[in-house]
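Undergrad: The file below is query.cif, mmCIF, C-alpha atoms:
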```cif
data_final
loop_
_atom_site.label_atom_id
_atom_site.label_comp_id
_atom_site.auth_asym_id
_atom_site.auth_seq_id
_atom_site.Cartn_x
_atom_site.Cartn_y
_atom_site.Cartn_z
CA MET A 1 -15.15 12.98 -29.75
CA ASP A 2 -15.03 9.93 -27.52
CA GLY A 3 -15.34 10.85 -23.85
CA ILE A 4 -15.41 14.59 -24.63
CA THR A 5 -18.01 16.88 -23.03
CA VAL A 6 -16.54 20.32 -23.71
CA ALA A 7 -18.11 21.74 -26.87
CA ASP A 8 -15.75 24.57 -27.82
CA LEU A 9 -12.49 22.73 -28.46
CA PRO A 10 -10.75 23.91 -31.66
CA ASP A 11 -11.86 22.20 -34.86
CA ARG A 12 -9.79 20.20 -37.36
CA TYR A 13 -8.61 17.85 -34.61
CA VAL A 14 -9.94 14.56 -33.31
CA TYR A 15 -10.29 14.29 -29.53
CA ARG A 16 -10.63 11.67 -26.86
CA GLY A 17 -10.85 12.10 -23.10
CA THR A 18 -10.68 9.81 -20.09
CA HIS A 19 -11.82 10.43 -16.51
CA TYR A 20 -13.45 13.75 -17.50
CA ALA A 21 -10.09 15.24 -18.49
CA ASP A 22 -11.65 17.97 -20.64
CA LEU A 23 -13.95 19.14 -17.84
CA ILE A 24 -11.16 19.08 -15.26
CA LEU A 25 -8.97 21.13 -17.57
CA ARG A 26 -11.66 23.66 -18.52
CA ASP A 27 -13.30 24.13 -15.12
CA GLY A 28 -10.46 23.36 -12.73
CA PHE A 29 -7.68 25.06 -14.71
CA PRO A 30 -9.38 27.70 -16.85
CA GLU A 31 -6.18 29.64 -17.51
CA HIS A 32 -4.36 26.53 -18.70
CA TYR A 33 -7.35 25.56 -20.83
CA ALA A 34 -7.55 28.98 -22.49
CA GLN A 35 -3.84 28.95 -23.30
CA LEU A 36 -3.86 25.44 -24.77
CA HIS A 37 -7.05 26.30 -26.67
CA GLU A 38 -5.43 29.34 -28.27
CA VAL A 39 -2.25 27.48 -29.26
CA LEU A 40 -4.29 24.66 -30.81
CA ALA A 41 -6.58 27.08 -32.64
CA GLU A 42 -3.63 28.88 -34.25
CA PHE A 43 -1.53 25.80 -35.01
CA THR A 44 -1.03 24.76 -38.65
CA ILE A 45 1.59 22.81 -40.59
CA ASP A 46 2.72 23.75 -44.09
CA VAL A 47 2.81 20.82 -46.49
CA THR A 48 6.51 21.42 -47.20
CA GLU A 49 7.26 20.91 -43.50
CA LEU A 50 5.84 17.39 -43.71
CA GLN A 51 8.51 16.40 -46.23
CA ALA A 52 11.50 18.18 -44.74
CA GLY A 53 13.61 16.57 -42.04
CA GLY A 54 13.46 18.06 -38.59
CA GLY A 55 17.08 17.98 -37.49
CA ASN A 56 17.07 17.77 -33.70
CA ARG A 57 13.64 19.38 -33.45
CA THR A 58 10.82 19.40 -35.99
CA PRO A 59 10.06 23.08 -36.71
CA PHE A 60 6.30 22.92 -36.22
CA VAL A 61 6.66 20.91 -32.98
CA ALA A 62 9.04 23.57 -31.72
CA ARG A 63 6.52 26.19 -32.85
CA PHE A 64 3.74 24.49 -30.90
CA ASP A 65 5.87 24.30 -27.75
CA ALA A 66 6.94 27.92 -28.19
CA GLY A 67 3.29 28.95 -28.20
CA LEU A 68 2.84 27.38 -24.78
CA SER A 69 6.21 28.70 -23.58
CA ASP A 70 4.97 32.23 -24.19
CA TYR A 71 2.40 31.57 -21.45
CA GLY A 72 4.92 30.22 -18.95
CA TRP A 73 4.81 26.51 -19.80
CA GLY A 74 8.15 24.71 -19.92
CA LYS A 75 10.20 21.54 -19.54
CA ARG A 76 10.07 19.87 -16.14
CA ASN A 77 11.51 16.87 -14.31
CA PHE A 78 10.15 15.58 -11.02
CA ASP A 79 11.80 13.74 -8.14
CA ILE A 80 9.24 11.40 -6.57
CA ALA A 81 10.16 9.96 -3.17
CA THR A 82 8.48 7.47 -0.85
CA THR A 83 9.08 8.09 2.84
CA ILE A 84 8.43 6.09 6.02
CA ASP A 85 8.54 8.05 9.28
CA GLY A 86 10.35 10.82 7.47
CA GLU A 87 13.00 8.54 5.98
CA VAL A 88 13.24 8.27 2.18
CA VAL A 89 13.03 4.60 1.24
CA ALA A 90 12.59 4.98 -2.52
CA LYS A 91 13.23 7.78 -4.96
CA VAL A 92 12.79 8.04 -8.72
CA ARG A 93 13.20 10.80 -11.23
CA SER A 94 10.50 11.17 -13.86
CA HIS A 95 11.16 11.46 -17.57
CA GLU A 96 11.26 15.07 -18.67
CA ILE A 97 7.88 16.56 -19.50
CA ASP A 98 8.07 18.70 -22.65
CA MET A 99 5.48 21.26 -21.60
CA PHE A 100 4.32 21.58 -17.97
CA LYS A 101 2.59 24.39 -16.12
CA GLU A 102 2.07 24.53 -12.39
CA GLY A 103 -1.43 24.62 -11.00
CA SER A 104 -1.47 28.19 -9.68
CA ASP A 105 0.56 30.76 -7.78
CA ASP A 106 -0.86 29.41 -4.52
CA HIS A 107 -0.68 25.67 -5.32
CA THR A 108 2.18 24.38 -7.42
CA PHE A 109 0.64 20.92 -7.75
CA PRO A 110 -1.18 19.40 -9.44
CA GLY A 111 -0.36 20.95 -12.77
CA ILE A 112 -1.00 20.18 -16.45
CA ALA A 113 1.39 18.33 -18.81
CA VAL A 114 1.43 18.39 -22.61
CA GLU A 115 3.50 16.10 -24.84
CA MET A 116 3.48 16.29 -28.64
CA GLU A 117 4.53 12.99 -30.20
CA TRP A 118 4.69 13.76 -33.90
CA ASN A 119 6.92 11.11 -35.49
CA ASN A 120 8.76 9.11 -32.86
CA LYS A 121 8.86 5.37 -32.36
CA ASP A 122 5.48 4.29 -31.01
CA PRO A 123 6.87 2.98 -27.64
CA PHE A 124 7.30 6.65 -26.75
CA PHE A 125 3.57 6.54 -25.99
CA ASP A 126 4.25 3.91 -23.31
CA ARG A 127 6.81 6.20 -21.75
CA ASP A 128 4.42 9.15 -21.71
CA LEU A 129 1.49 7.18 -20.31
CA THR A 130 3.60 5.57 -17.58
CA ASN A 131 5.02 8.96 -16.69
CA PHE A 132 1.55 10.53 -16.50
CA TYR A 133 0.30 7.68 -14.33
CA ALA A 134 3.17 8.03 -11.84
CA LEU A 135 2.92 11.82 -11.66
CA HIS A 136 -0.86 11.73 -11.20
CA ARG A 137 -0.58 9.13 -8.45
CA ALA A 138 2.03 11.26 -6.70
CA GLY A 139 -0.25 14.31 -6.86
CA ALA A 140 1.88 16.29 -9.30
CA LEU A 141 -0.40 16.04 -12.34
CA ALA A 142 -4.11 16.76 -12.80
CA VAL A 143 -4.39 16.13 -16.57
CA GLY A 144 -2.00 14.66 -19.12
CA VAL A 145 -2.36 15.84 -22.73
CA ILE A 146 -0.88 13.98 -25.72
CA VAL A 147 -0.94 15.54 -29.20
CA THR A 148 -0.16 13.35 -32.21
CA ARG A 149 -1.14 12.70 -35.85
CA GLY A 150 -4.85 12.03 -36.35
CA PRO A 151 -6.10 8.90 -38.18
CA HIS A 152 -7.07 10.60 -41.46
CA LEU A 153 -3.84 12.58 -41.62
CA GLN A 154 -1.86 9.40 -40.92
CA ARG A 155 -3.51 7.55 -43.82
CA VAL A 156 -2.63 10.35 -46.22
CA LEU A 157 0.95 10.83 -45.03
CA LYS A 158 1.70 7.11 -44.99
CA GLN A 159 0.60 6.75 -48.61
CA LEU A 160 2.07 9.87 -50.13
CA VAL A 161 5.05 11.24 -48.24
CA ARG A 162 8.49 9.69 -48.66
CA ASN A 163 11.93 10.82 -47.62
CA SER A 164 14.67 11.58 -50.12
CA LYS A 165 15.63 7.89 -50.19
CA GLY A 166 12.12 6.83 -51.17
CA ALA A 167 11.25 5.21 -47.82
CA GLU A 168 8.07 5.80 -45.82
CA LYS A 169 8.44 8.84 -43.63
CA TYR A 170 5.30 8.26 -41.54
CA GLY A 171 5.10 4.51 -41.07
CA GLU A 172 2.69 2.44 -39.01
CA SER A 173 5.24 1.84 -36.24
CA SER A 174 5.56 5.53 -35.44
CA THR A 175 3.55 7.73 -33.09
CA HIS A 176 0.03 8.38 -34.39
CA TRP A 177 -3.59 8.11 -33.23
CA ASN A 178 -4.10 4.43 -34.03
CA LYS A 179 -1.04 3.50 -31.97
CA LEU A 180 -2.07 5.67 -29.02
CA THR A 181 -5.73 4.82 -28.46
CA PRO A 182 -5.26 1.01 -28.10
CA ARG A 183 -2.72 1.65 -25.36
CA VAL A 184 -5.24 3.82 -23.52
CA ASP A 185 -7.94 1.18 -24.05
CA LEU A 186 -5.67 -1.33 -22.30
CA GLY A 187 -5.28 0.95 -19.28
CA GLY A 188 -2.28 3.03 -20.25
CA GLY A 189 -2.10 6.10 -18.03
CA GLY A 190 -4.07 4.40 -15.26
CA GLU A 191 -6.36 6.73 -13.38
CA CYS A 192 -4.69 9.86 -14.77
CA PRO A 193 -7.23 11.95 -16.73
CA LEU A 194 -6.01 12.04 -20.33
CA LEU A 195 -6.86 14.40 -23.16
CA LEU A 196 -5.78 12.90 -26.49
CA ILE A 197 -5.60 15.22 -29.49
CA GLY A 198 -5.10 14.08 -33.08
CA ILE A 199 -3.97 16.65 -35.65
CA GLU A 200 -6.09 16.18 -38.76
CA LEU A 201 -5.58 16.82 -42.46
CA GLU A 202 -7.41 20.16 -42.41
CA ARG A 203 -4.60 21.60 -40.23
CA ILE A 204 -2.21 21.25 -43.20
CA THR A 205 -1.79 24.39 -45.31
CA GLY A 206 -0.29 25.06 -48.74
CA PHE A 207 -2.15 22.31 -50.55
CA ASP A 208 -5.57 21.50 -51.95
CA ILE A 209 -7.05 19.27 -49.25
CA SER A 210 -9.52 17.63 -51.63
CA ASP A 211 -6.67 16.55 -53.94
CA LEU A 212 -4.70 15.15 -51.03
CA THR A 213 -7.71 13.23 -49.72
CA TRP A 214 -8.61 11.89 -53.15
CA MET A 215 -5.08 10.66 -53.79
CA ALA A 216 -4.93 8.82 -50.49
CA GLU A 217 -8.35 7.22 -51.01
CA GLU A 218 -7.41 5.99 -54.48
CA LEU A 219 -4.18 4.52 -53.16
CA GLU A 220 -6.07 2.73 -50.40
CA LYS A 221 -8.33 1.19 -53.07
CA ALA A 222 -5.28 0.11 -55.04
CA ASP A 223 -3.77 -1.46 -51.93
CA ASP A 224 -7.04 -3.29 -51.31
CA ASP A 225 -6.97 -4.65 -54.86
CA LEU A 226 -3.42 -5.87 -54.29
CA THR A 227 -4.54 -7.70 -51.17
CA HIS A 228 -7.61 -9.31 -52.80
CA TRP A 229 -6.48 -9.57 -56.42
CA ARG A 230 -7.05 -13.33 -56.61
CA GLU A 231 -10.69 -13.40 -55.45
CA ARG A 232 -11.49 -10.40 -57.64
CA GLY A 233 -10.15 -12.09 -60.74
CA LEU A 234 -7.37 -9.51 -61.22
CA ARG A 235 -3.83 -9.98 -62.45
CA TYR A 236 -1.37 -9.16 -59.69
CA LYS A 237 1.30 -7.66 -61.96
CA GLU A 238 -1.25 -5.44 -63.69
CA VAL A 239 -2.73 -4.22 -60.39
CA ARG A 240 0.73 -3.53 -59.02
CA ALA A 241 1.73 -1.65 -62.17
CA ARG A 242 -1.44 0.47 -62.06
CA ARG A 243 -0.81 1.33 -58.42
CA ALA A 244 2.81 2.30 -59.11
CA GLU A 245 1.74 4.51 -62.02
CA PHE A 246 -0.93 6.24 -59.93
CA LEU A 247 1.44 6.69 -57.02
CA GLU A 248 4.00 8.37 -59.26
CA LYS A 249 1.35 10.79 -60.55
CA ALA A 250 0.06 11.47 -57.05
CA ARG A 251 3.49 12.28 -55.63
CA ALA A 252 4.21 14.55 -58.59
CA LEU A 253 1.51 16.87 -57.23
CA LEU A 254 3.41 17.30 -53.95
CA PRO A 255 6.27 19.78 -53.56
CA PRO A 256 9.72 18.32 -54.33
CA THR A 257 11.25 16.24 -51.54
CA PRO A 258 14.19 18.03 -49.86
CA ASP A 259 17.69 16.63 -50.32
CA ALA A 260 18.97 13.74 -48.25
CA ASN A 261 20.86 15.90 -45.76
CA SER A 262 17.63 17.44 -44.49
CA ASP A 263 16.07 14.05 -43.74
CA LEU A 264 18.37 13.07 -40.88
CA GLU A 265 16.12 13.33 -37.84
CA GLY A 266 18.23 11.43 -35.35
CA VAL A 267 16.24 9.19 -33.04
CA GLU A 268 18.75 6.49 -32.11
CA SER A 269 20.18 6.59 -35.66
CA VAL A 270 16.78 5.95 -37.30
CA PRO A 271 16.54 8.72 -39.92
CA ASP A 272 12.78 8.76 -40.40
CA PHE A 273 11.81 9.71 -36.86
CA ASP A 274 12.03 13.01 -35.05
CA SER A 275 14.38 13.13 -32.10
CA ASP A 276 12.06 15.18 -29.95
CA GLY A 277 8.35 15.13 -30.80
#
```
Please go through the file and, once you have read it, give me the structure as structure tokens.
TA:
Amino acid sequence: MDGITVADLPDRYVYRGTHYADLILRDGFPEHYAQLHEVLAEFTIDVTELQAGGGNRTPFVARFDAGLSDYGWGKRNFDIATTIDGEVVAKVRSHEIDMFKEGSDDHTFPGIAVEMEWNNKDPFFDRDLTNFYALHRAGALAVGVIVTRGPHLQRVLKQLVRNSKGAEKYGESSTHWNKLTPRVDLGGGGECPLLLIGIELERITGFDISDLTWMAEELEKADDDLTHWRERGLRYKEVRARRAEFLEKARALLPPTPDANSDLEGVESVPDFDSDG
């Protein structure tokens, strides 16, 4: 829980905070904090949803956003203008925030923004962090929240889940924890307080978590053997064959993969990414 001071955040997530984001959210925006806390505490993903395509909107991402929408959160664009002596000399329009809630009835700004990046191309993180930086600097945003796949969940999904064509559905170049935190380490988001939330394996329902973890760990070992087969005195073809056999057995324990038509997720014609979240 790097940079996290608040003790009662929902479990089965990994957290990271910058510039005291968790304290600002809890103490400066208690209503927003309570609402986000409740949505996170109730959020789960069924294992079958991890294999199915999302169409234009992944169902559990839409479900997460709907939970916030019930409390008055919603999509928002901002026009940010620079003026000199009352004359506008520069004006930009921000990228749409998926979930934004104004500060209070008395003070619209700053508010709180939440983006869930489930399985997009990883440069979407750059977009979000730049957006948060600009909105915070303009006084529109107090805390930016990004929700994505946690590191343990990513390892499992990358190893085990494939689309109907047999390709990786949750590859390394998509949005997940290990693609987000290096960007923040390099200054992404600037001075904007950030609360980063990684969804972890224990949030997945409909499957024996111990089996899922064991399968992923064994596959990691097999991958390590493939990388170091020469110095370990192994035969490459034999190691590769053992890994393929184990992988086939491991995937047989998962629910059947949906048909090809349900895997079209539509981000710029790349089928294995979600178009929104």
Undergrad: Starting from the shown file, work through the PyMOL selection byres ((chain A and resi 154) around 12) and note down what comes out as a PyMOL selection string.
TA: chain A and resi 50+118-119+148-153+155-161+168-179+198-201+212-213+216
Undergrad: How would the residues just chosen look if you wrote them out with C-alpha atoms as a compact mmCIF listing (two decimals), in the frame of the given file?
TA:
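Resulting contents of out.txt:
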```txt
# COMPACT_ATOMS: atom_id res chain seq x y z
CA LEU A 50 5.84 17.39 -43.71
CA TRP A 118 4.69 13.76 -33.90
CA ASN A 119 6.92 11.11 -35.49
CA THR A 148 -0.16 13.35 -32.21
CA ARG A 149 -1.14 12.70 -35.85
CA GLY A 150 -4.85 12.03 -36.35
CA PRO A 151 -6.10 8.90 -38.18
CA HIS A 152 -7.07 10.60 -41.46
CA LEU A 153 -3.84 12.58 -41.62
CA ARG A 155 -3.51 7.55 -43.82
CA VAL A 156 -2.63 10.35 -46.22
CA LEU A 157 0.95 10.83 -45.03
CA LYS A 158 1.70 7.11 -44.99
CA GLN A 159 0.60 6.75 -48.61
CA LEU A 160 2.07 9.87 -50.13
CA VAL A 161 5.05 11.24 -48.24
CA GLU A 168 8.07 5.80 -45.82
CA LYS A 169 8.44 8.84 -43.63
CA TYR A 170 5.30 8.26 -41.54
CA GLY A 171 5.10 4.51 -41.07
CA GLU A 172 2.69 2.44 -39.01
CA SER A 173 5.24 1.84 -36.24
CA SER A 174 5.56 5.53 -35.44
CA THR A 175 3.55 7.73 -33.09
CA HIS A 176 0.03 8.38 -34.39
CA TRP A 177 -3.59 8.11 -33.23
CA ASN A 178 -4.10 4.43 -34.03
CA LYS A 179 -1.04 3.50 -31.97
CA GLY A 198 -5.10 14.08 -33.08
CA ILE A 199 -3.97 16.65 -35.65
CA GLU A 200 -6.09 16.18 -38.76
CA LEU A 201 -5.58 16.82 -42.46
CA LEU A 212 -4.70 15.15 -51.03
CA THR A 213 -7.71 13.23 -49.72
CA ALA A 216 -4.93 8.82 -50.49
```
Undergrad: Output the residue selection produced by the PyMOL selection byres ((chain A and resi 2-6) around 10) on the file above, formatted as a VMD selection string.
TA: chain A and resid 1 7 to 9 14 to 23 25 to 27 195 to 196
Undergrad: As a ChimeraX atom specification, please: the residues near Ile45 in chain A (cut-off 8 Å, all atoms listed in the file, same-chain neighbours under 3 positions excluded).
TA: /A:49-50,60,203-205
Undergrad: Distance table requested - range 107-209 of chain A against range 67-70 of chain A, cut-off 12 Å, all atoms listed in the file: one row per qualifying residue with the closest atom pair and its distance in Å to one decimal, ordered by chain and rising residue number, as JSON lines.
TA:
```
{"residue": "A:Ile112", "atom": "CA", "partner": "A:Leu68", "partner_atom": "CA", "distance": 11.7}
{"residue": "A:Ala113", "atom": "CA", "partner": "A:Leu68", "partner_atom": "CA", "distance": 10.9}
{"residue": "A:Val114", "atom": "CA", "partner": "A:Leu68", "partner_atom": "CA", "distance": 9.4}
{"residue": "A:Glu115", "atom": "CA", "partner": "A:Leu68", "partner_atom": "CA", "distance": 11.3}
{"residue": "A:Met116", "atom": "CA", "partner": "A:Leu68", "partner_atom": "CA", "distance": 11.8}
```
Undergrad: Selection from above, C-alpha atoms, as a PDB file, in the coordinates of the input, can you write it?
TA:
```
ATOM      1  CA  ILE A 112      -1.000  20.180 -16.450  1.00  0.00           C
ATOM      2  CA  ALA A 113       1.390  18.330 -18.810  1.00  0.00           C
ATOM      3  CA  VAL A 114       1.430  18.390 -22.610  1.00  0.00           C
ATOM      4  CA  GLU A 115       3.500  16.100 -24.840  1.00  0.00           C
ATOM      5  CA  MET A 116       3.480  16.290 -28.640  1.00  0.00           C
TER       6      MET A 116
END
```
Undergrad: Find the spatial neighbours of Asp65 in chain A, counting only C-alpha atoms, within a cut-off of 12 Å - ignore same-chain residues fewer than 3 positions away - and output them as a ChimeraX atom specification.
TA: /A:35-36,39-40,43,57-62,68-75,97-100,113-117,147,276-277
Undergrad: How would the residues just picked look written out with C-alpha atoms as a compact mmCIF listing (two decimals), keeping the file's coordinate frame?
TA:
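Result file part_24.txt:
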```txt
# COMPACT_ATOMS: atom_id res chain seq x y z
CA GLN A 35 -3.84 28.95 -23.30
CA LEU A 36 -3.86 25.44 -24.77
CA VAL A 39 -2.25 27.48 -29.26
CA LEU A 40 -4.29 24.66 -30.81
CA PHE A 43 -1.53 25.80 -35.01
CA ARG A 57 13.64 19.38 -33.45
CA THR A 58 10.82 19.40 -35.99
CA PRO A 59 10.06 23.08 -36.71
CA PHE A 60 6.30 22.92 -36.22
CA VAL A 61 6.66 20.91 -32.98
CA ALA A 62 9.04 23.57 -31.72
CA LEU A 68 2.84 27.38 -24.78
CA SER A 69 6.21 28.70 -23.58
CA ASP A 70 4.97 32.23 -24.19
CA TYR A 71 2.40 31.57 -21.45
CA GLY A 72 4.92 30.22 -18.95
CA TRP A 73 4.81 26.51 -19.80
CA GLY A 74 8.15 24.71 -19.92
CA LYS A 75 10.20 21.54 -19.54
CA ILE A 97 7.88 16.56 -19.50
CA ASP A 98 8.07 18.70 -22.65
CA MET A 99 5.48 21.26 -21.60
CA PHE A 100 4.32 21.58 -17.97
CA ALA A 113 1.39 18.33 -18.81
CA VAL A 114 1.43 18.39 -22.61
CA GLU A 115 3.50 16.10 -24.84
CA MET A 116 3.48 16.29 -28.64
CA GLU A 117 4.53 12.99 -30.20
CA VAL A 147 -0.94 15.54 -29.20
CA ASP A 276 12.06 15.18 -29.95
CA GLY A 277 8.35 15.13 -30.80
```
Undergrad: Neighbours of Leu234 in chain A within 10 Å (only C-alpha atoms; same-chain residues fewer than 6 positions away dropped), as a tab-separated table (two decimals) with C-alpha atoms, keeping the file's coordinate frame?
TA:
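Below you can see out30.tsv, which holds the result:
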```tsv
chain	number	residue	atom	x	y	z
A	225	ASP	CA	-6.97	-4.65	-54.86
A	226	LEU	CA	-3.42	-5.87	-54.29
A	228	HIS	CA	-7.61	-9.31	-52.80
```
Undergrad: Applying 12 Å and all atoms listed in the file, which residues near His136 in chain A remain after dropping the ones on its own chain fewer than 6 positions away? List them as JSON, numbers by chain.
TA: {"A": [78, 80, 94, 109, 110, 111, 112, 113, 129, 130, 142, 143, 144, 189, 190, 191, 192, 193, 194]}
Undergrad: May I ask which of the residues A:Ile209, A:Arg63, A:Gly139, A:Asp223 is the closest one to Glu42 in chain A, counting only C-alpha atoms?
TA: A:Arg63
Undergrad: For a test of reading the model, state the distance in Å between CA of Glu102 in chain A and CA of Arg76 in chain A, rounded to one decimal.
TA: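 CA of Glu102 in chain A sits 10.0 Å away from CA of Arg76 in chain A.
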Undergrad: Spell out the residues picked by the PyMOL selection byres ((chain A and resi 243) around 12) here, as number ranges by chain.
TA: A: 159, 215-216, 218-226, 236-242, 244-250
Undergrad: When you count only C-alpha atoms, which of these residues is closest to Tyr133 in chain A: A:Lys121, A:Arg230, A:His95, A:Arg251?
TA: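 Of A:Lys121, A:Arg230, A:His95, A:Arg251, the one nearest Tyr133 in chain A is A:His95, counting only C-alpha atoms.
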Undergrad: Report the distance between CA of Ala34 in chain A and CA of Arg137 in chain A in Å, rounded to one decimal place.
TA: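 CA of Arg137 in chain A lies 25.3 Å from CA of Ala34 in chain A.
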